[in-house]
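A.B. asks: Structure file coords-v4.cif (mmCIF, C-alpha atoms) right here:
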```cif
data_work
loop_
_atom_site.label_atom_id
_atom_site.label_comp_id
_atom_site.auth_asym_id
_atom_site.auth_seq_id
_atom_site.Cartn_x
_atom_site.Cartn_y
_atom_site.Cartn_z
CA MET A 529 6.92 16.84 0.60
CA SER A 530 6.69 19.85 2.86
CA GLY A 531 3.86 21.98 4.14
CA ARG A 532 3.00 24.65 6.64
CA SER A 533 1.02 22.09 8.64
CA PRO A 534 1.10 18.31 8.98
CA ASP A 535 -2.14 18.07 7.00
CA GLU A 536 -0.76 20.17 4.18
CA ALA A 537 2.44 18.13 4.01
CA VAL A 538 0.46 14.89 3.94
CA ALA A 539 -1.87 16.21 1.27
CA ARG A 540 1.08 17.15 -0.93
CA LEU A 541 2.41 13.62 -0.57
CA ILE A 542 -0.80 11.62 -0.89
CA GLU A 543 -2.88 13.51 -3.42
CA PRO A 544 -0.52 12.75 -6.30
CA GLN A 545 -0.77 9.06 -5.38
CA GLN A 546 -4.54 9.27 -5.63
CA ARG A 547 -4.29 11.05 -8.95
CA ALA A 548 -2.06 8.24 -10.22
CA LEU A 549 -4.55 5.64 -9.04
CA SER A 550 -7.30 7.34 -10.99
CA CYS A 551 -5.53 6.16 -14.14
CA ALA A 552 -6.48 2.56 -13.34
CA THR A 553 -9.38 2.58 -10.88
CA LYS A 554 -12.13 4.77 -9.50
CA ALA A 555 -11.46 3.46 -6.02
CA VAL A 556 -9.94 5.93 -3.59
CA LEU A 557 -7.28 5.80 -0.96
CA ILE A 558 -8.36 5.81 2.65
CA LYS A 559 -6.24 7.42 5.28
CA GLN A 560 -6.12 5.47 8.51
CA ALA A 561 -6.30 7.39 11.77
CA VAL A 562 -2.98 8.01 13.45
CA ALA A 563 -1.90 5.63 16.18
CA LEU A 564 1.77 6.51 16.08
CA ALA A 565 3.25 9.96 15.97
CA ASP A 566 5.59 9.13 13.13
CA ARG A 567 4.12 6.27 11.09
CA ARG A 568 0.90 6.54 9.13
CA VAL A 569 -0.87 4.40 6.55
CA VAL A 570 -3.07 4.96 3.51
CA ASN A 571 -4.41 2.13 1.44
CA LEU A 572 -7.06 1.19 -1.06
CA GLY A 573 -10.15 0.30 0.91
CA ASP A 574 -11.83 -3.04 0.31
CA ASP A 575 -8.97 -4.22 -1.85
CA PRO A 576 -8.04 -6.07 -3.95
CA ILE A 577 -9.79 -3.76 -6.38
CA PRO A 578 -10.74 -5.36 -9.71
CA LEU A 579 -9.05 -3.69 -12.65
CA ARG A 580 -10.33 -3.56 -16.19
CA GLY A 581 -8.23 -5.45 -18.68
CA ARG A 582 -7.61 -8.77 -20.31
CA HIS A 583 -6.25 -10.54 -17.22
CA GLN A 584 -8.92 -9.51 -14.67
CA LEU A 585 -6.27 -8.47 -12.18
CA GLY A 586 -6.99 -7.29 -8.64
CA LEU A 587 -5.01 -4.41 -7.16
CA SER A 588 -3.93 -3.82 -3.59
CA VAL A 589 -2.07 -0.68 -2.57
CA LEU A 590 -0.70 0.36 0.80
CA LEU A 591 1.64 3.24 1.54
CA SER A 592 3.16 4.04 4.90
CA TYR A 593 4.61 7.45 5.55
CA ASP A 594 6.16 9.59 8.21
CA VAL A 595 5.41 13.16 9.19
CA GLU A 596 7.92 15.23 11.06
CA ARG A 597 8.79 18.81 11.73
CA ALA A 598 11.29 19.96 9.16
CA ALA A 599 14.69 21.10 10.34
CA GLY A 600 15.74 24.70 9.91
CA GLY A 601 13.75 27.87 9.66
CA SER A 602 11.85 27.13 6.50
CA ARG A 603 8.38 28.58 6.15
CA ARG A 604 7.18 25.08 5.35
CA GLN A 605 7.79 23.52 8.70
CA TRP A 606 6.44 20.01 8.23
CA SER A 607 7.55 17.26 5.95
CA ALA A 608 5.89 14.00 4.92
CA ARG A 609 7.79 11.22 3.24
CA LEU A 610 7.06 7.70 2.20
CA GLY A 611 8.42 4.97 4.47
CA GLY A 612 7.07 1.77 2.99
CA HIS A 613 4.87 0.31 0.30
CA ALA A 614 2.99 -2.77 -0.78
CA PHE A 615 1.78 -2.86 -4.37
CA GLU A 616 0.24 -6.20 -5.23
CA LEU A 617 -1.58 -7.70 -8.19
CA GLU A 618 -3.52 -10.93 -8.04
CA ASP A 619 -5.24 -12.90 -10.77
CA ALA A 620 -8.92 -13.75 -11.06
CA LEU A 621 -8.42 -16.80 -8.84
CA GLY A 622 -6.87 -14.75 -6.06
CA ARG A 623 -3.32 -15.89 -6.71
CA THR A 624 -0.56 -13.33 -6.26
CA VAL A 625 1.01 -12.33 -9.57
CA VAL A 626 3.53 -9.75 -8.42
CA ALA A 627 4.13 -7.98 -5.13
CA TYR A 628 6.41 -4.97 -4.73
CA HIS A 629 7.21 -4.59 -1.05
CA TRP A 630 9.15 -2.20 1.11
CA HIS A 631 8.63 -2.69 4.83
CA PRO A 632 11.59 -1.38 6.81
CA ALA A 633 9.58 -1.55 10.03
CA GLY A 634 8.76 -4.90 11.58
CA LYS A 635 10.70 -8.12 11.79
CA SER A 636 11.19 -9.16 8.19
CA PRO A 637 14.82 -10.04 7.44
CA VAL A 638 14.52 -8.07 4.20
CA ALA A 639 13.94 -4.42 5.00
CA THR A 640 14.97 -2.98 1.65
CA PRO A 641 12.59 -2.63 -1.33
CA HIS A 642 12.05 -5.87 -3.20
CA LEU A 643 9.89 -7.76 -5.66
CA HIS A 644 8.12 -11.06 -5.10
CA LEU A 645 7.68 -12.97 -8.31
CA GLY A 646 6.24 -16.45 -8.58
CA GLY A 647 7.46 -19.28 -10.75
CA THR A 648 10.82 -20.76 -11.61
CA ILE A 649 13.70 -20.01 -13.92
CA GLY A 650 15.45 -23.23 -14.84
CA ASP A 651 15.46 -25.17 -11.60
CA ILE A 652 15.52 -22.06 -9.39
CA ASP A 653 12.31 -21.48 -7.46
CA LEU A 654 11.75 -17.74 -7.15
CA SER A 655 8.58 -17.90 -5.12
CA ARG A 656 10.32 -17.22 -1.80
CA ALA A 657 12.91 -14.87 -3.23
CA HIS A 658 13.20 -11.15 -2.56
CA LEU A 659 14.41 -9.62 -5.80
CA PRO A 660 16.08 -6.30 -4.96
CA THR A 661 14.58 -3.15 -6.41
CA GLY A 662 14.90 0.50 -5.66
CA ILE A 663 11.96 2.26 -4.13
CA VAL A 664 9.18 1.81 -6.65
CA SER A 665 6.71 4.65 -6.94
CA LEU A 666 3.01 4.00 -7.32
CA PRO A 667 2.94 5.75 -10.72
CA GLU A 668 5.78 3.54 -11.93
CA PHE A 669 3.94 0.46 -10.75
CA LEU A 670 0.67 1.52 -12.38
CA ALA A 671 2.44 2.38 -15.62
CA PHE A 672 3.90 -1.14 -15.61
CA ALA A 673 0.44 -2.64 -15.05
CA ILE A 674 -1.05 -0.67 -17.94
CA ARG A 675 1.85 -0.94 -20.35
CA ASP A 676 2.91 -4.55 -19.75
CA LEU A 677 0.01 -6.40 -18.13
CA GLY A 678 -2.88 -5.15 -20.19
CA VAL A 679 -4.66 -3.13 -17.53
CA GLN A 680 -7.06 -0.75 -19.23
CA PRO A 681 -6.38 2.90 -18.42
CA LEU A 682 -9.38 4.93 -17.34
CA ARG A 683 -8.22 8.31 -18.57
CA PRO A 684 -6.50 9.41 -21.77
CA ASP A 685 -3.86 11.48 -20.01
CA TRP A 686 -2.45 8.51 -18.08
CA PRO A 687 1.00 8.71 -19.74
CA GLU A 688 1.45 12.25 -18.46
CA ILE A 689 0.09 11.52 -14.99
CA LEU A 690 2.19 8.39 -14.56
CA ARG A 691 5.36 10.02 -15.77
CA VAL A 692 8.06 7.94 -14.14
CA GLY A 693 9.93 9.75 -11.43
CA ALA A 694 7.44 12.56 -11.10
CA TRP A 695 6.10 11.51 -7.73
CA GLY A 696 7.35 10.16 -4.45
CA GLY A 697 8.48 11.16 -1.04
CA MET B 384 -18.95 -0.51 9.06
CA ALA B 385 -18.04 2.83 7.59
CA ALA B 386 -17.83 3.11 3.86
CA THR B 387 -14.25 2.57 2.77
CA ARG B 388 -14.57 3.13 -0.94
CA HIS B 389 -16.37 5.64 -3.05
CA GLU B 390 -16.30 6.77 -6.64
CA THR B 391 -14.48 9.93 -7.56
CA GLY B 392 -14.62 11.97 -10.69
CA THR B 393 -11.54 14.07 -10.07
CA GLY B 394 -9.21 11.35 -8.91
CA ASN B 395 -8.14 13.49 -5.99
CA GLU B 396 -10.54 12.59 -3.22
CA ILE B 397 -9.11 10.74 -0.26
CA ARG B 398 -11.26 9.36 2.52
CA GLU B 399 -10.06 9.83 6.07
CA LEU B 400 -11.15 7.42 8.77
CA THR B 401 -11.77 8.23 12.39
CA TRP B 402 -9.97 6.18 15.01
CA GLU B 403 -13.07 4.03 15.56
CA GLU B 404 -13.42 3.47 11.84
CA THR B 405 -9.75 2.57 11.59
CA ILE B 406 -10.14 -0.13 14.24
CA GLU B 407 -13.30 -1.46 12.62
CA TYR B 408 -11.77 -1.40 9.16
CA PHE B 409 -8.71 -3.32 10.33
CA ASP B 410 -10.84 -5.93 12.07
CA THR B 411 -12.96 -6.39 8.94
CA GLN B 412 -9.91 -6.79 6.71
CA VAL B 413 -8.34 -9.38 9.00
CA ARG B 414 -11.56 -11.36 9.26
CA LYS B 415 -11.99 -11.29 5.49
CA ARG B 416 -8.46 -12.46 4.76
CA LEU B 417 -7.66 -14.74 7.69
CA GLY B 418 -10.95 -15.47 9.45
CA ILE B 419 -9.77 -14.24 12.83
CA SER B 420 -10.40 -11.00 14.70
CA GLY B 421 -8.16 -8.00 14.44
CA GLU B 422 -7.22 -8.30 18.10
CA GLU B 423 -6.26 -11.95 17.73
CA PHE B 424 -4.13 -11.03 14.74
CA LEU B 425 -2.31 -8.38 16.75
CA GLN B 426 -1.66 -10.83 19.58
CA ARG B 427 -0.25 -13.38 17.16
CA ARG B 428 1.83 -10.71 15.43
CA ASP B 429 3.29 -9.51 18.72
CA ALA B 430 3.97 -13.11 19.82
CA GLY B 431 6.07 -13.61 16.70
CA GLU B 432 3.81 -16.20 15.10
CA TYR B 433 4.10 -14.54 11.72
CA ASP B 434 7.78 -13.75 11.75
CA GLU B 435 8.83 -16.71 9.61
CA ILE B 436 5.99 -16.60 7.11
CA ALA B 437 5.04 -12.94 6.82
CA ASP B 438 6.95 -12.29 3.63
CA ASP B 439 5.93 -15.52 1.90
CA VAL B 440 3.44 -13.82 -0.39
CA PHE B 441 2.64 -16.95 -2.38
CA GLY B 442 2.25 -19.30 0.57
CA HIS B 443 0.50 -16.72 2.75
CA PRO B 444 -0.95 -14.10 0.42
CA GLY B 445 -1.97 -10.85 2.05
CA LEU B 446 -0.21 -11.49 5.33
CA MET B 447 2.50 -8.87 4.95
CA TYR B 448 -0.13 -6.45 3.74
CA LEU B 449 -2.06 -6.95 6.98
CA ILE B 450 1.08 -6.60 9.04
CA MET B 451 1.84 -3.31 7.36
CA LEU B 452 -1.76 -2.19 7.83
CA SER B 453 -1.60 -3.17 11.49
CA GLN B 454 0.83 -0.30 12.11
CA SER B 455 -2.20 1.94 11.95
CA VAL B 456 -3.82 0.34 15.00
CA ARG B 457 -0.88 -0.77 17.13
CA PRO B 458 2.84 -0.08 16.94
CA PHE B 459 5.20 -2.98 16.48
CA SER B 460 6.35 -4.26 19.85
#
```
For the structure just supplied, provide its representation as structure tokens.

C.D. replies:
Amino acid sequence: MSGRSPDEAVARLIEPQQRALSCATKAVLIKQAVALADRRVVNLGDDPIPLRGRHQLGLSVLLSYDVERAAGGSRRQWSARLGGHAFELEDALGRTVVAYHWHPAGKSPVATPHLHLGGTIGDIDLSRAHLPTGIVSLPEFLAFAIRDLGVQPLRPDWPEILRVGAWGG
Amino acid sequence: MAATRHETGTGNEIRELTWEETIEYFDTQVRKRLGISGEEFLQRRDAGEYDEIADDVFGHPGLMYLIMLSQSVRPFS
């Protein structure tokens, strides 16, 4: 997402994420102050946030993003793009249900986007596996939670807002 | 502790923390999840204590989340 200032570029990137969240929770993203010039973080404050629905799931969301001056002579001189995510759901007992991670920074041996899924298939324990995914957008993740996990949507226009592929960096 | 969550009618409001609030928020989250201070967490992170277990979300739930959040208060060494 581009903008004429860093703040404008960030707003264009983050505000759609907040709009997507409003489909499932009234909690809001908080933008952490900047410690690094090129890596920033927004997340749901005080998470996991309880979601309405039959499974009493708790939601945690964290997005990391980069802001940089765009190349070329474009009028929009700043760009903001996502550089990592953690979307997690836990059950009423605090046990992780699913965790979609992408953390290219740091020391994890798996720097590409992946899914953590508990349980076993046959005699294969998946609990320490990193199931490869593409980059999963927050709207896609929330649509999955509503459609497949029984999370109660908070607004009637959620299918339009969570239109898969409409958001991202 | 600064408020970190508020209700929104439009779905578009985003709260921005000051640097002091960011530090305090991080410390609170670490204490809530791990029972140690934010500074102790950062020291352990930088010493590599979490390298082998950080991505074990079922054995150590929330740890990777905190590591990702920690980027906001101190770069990875």

A.B. asks: Please compute the atom CA of A:Gln584-atom CA of B:Asp410 distance, one decimal, in Å.

C.D. replies: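 We find that atom CA of A:Gln584 and atom CA of B:Asp410 lie 27.0 Å from each other.
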
A.B. asks: For the PyMOL selection byres ((chain A and resi 621) around 10), applied here, can you spell out every residue it catches as JSON, numbers by chain?

C.D. replies: {"A": [584, 585, 586, 618, 619, 620, 622, 623, 624]}

A.B. asks: Which residue is closest to B:His443? Choose from A:Ala598, A:Leu643, A:Ile689, A:Arg656 and count only C-alpha atoms.

C.D. replies: A:Arg656

A.B. asks: For each of A:Val595, A:Leu690, A:Ala537, A:Leu645, take the minimum atom-to-atom distance to chain B, counting only C-alpha atoms, then give the residue where this is smallest.

C.D. replies: A:Leu645

A.B. asks: Quick one, how far is atom CA of A:Gln545 from atom CA of A:Pro632?

C.D. replies: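 One can read the atom CA of A:Gln545 to atom CA of A:Pro632 distance as 20.3 Å.
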
A.B. asks: Can you work out which one of A:Thr648, A:Gln680, A:Ser636, A:Ser607 has the shortest atom-to-atom distance to B:Ile450, counting all atoms listed in the file?

C.D. replies: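 So, comparing all the options, the nearest one is A:Ser636.
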
A.B. asks: Quick check, in Å to one decimal: how far apart do atom CA of B:Glu404 and atom CA of A:Asp575 lie?

C.D. replies: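 Here the two named atoms are 16.3 Å from each other.
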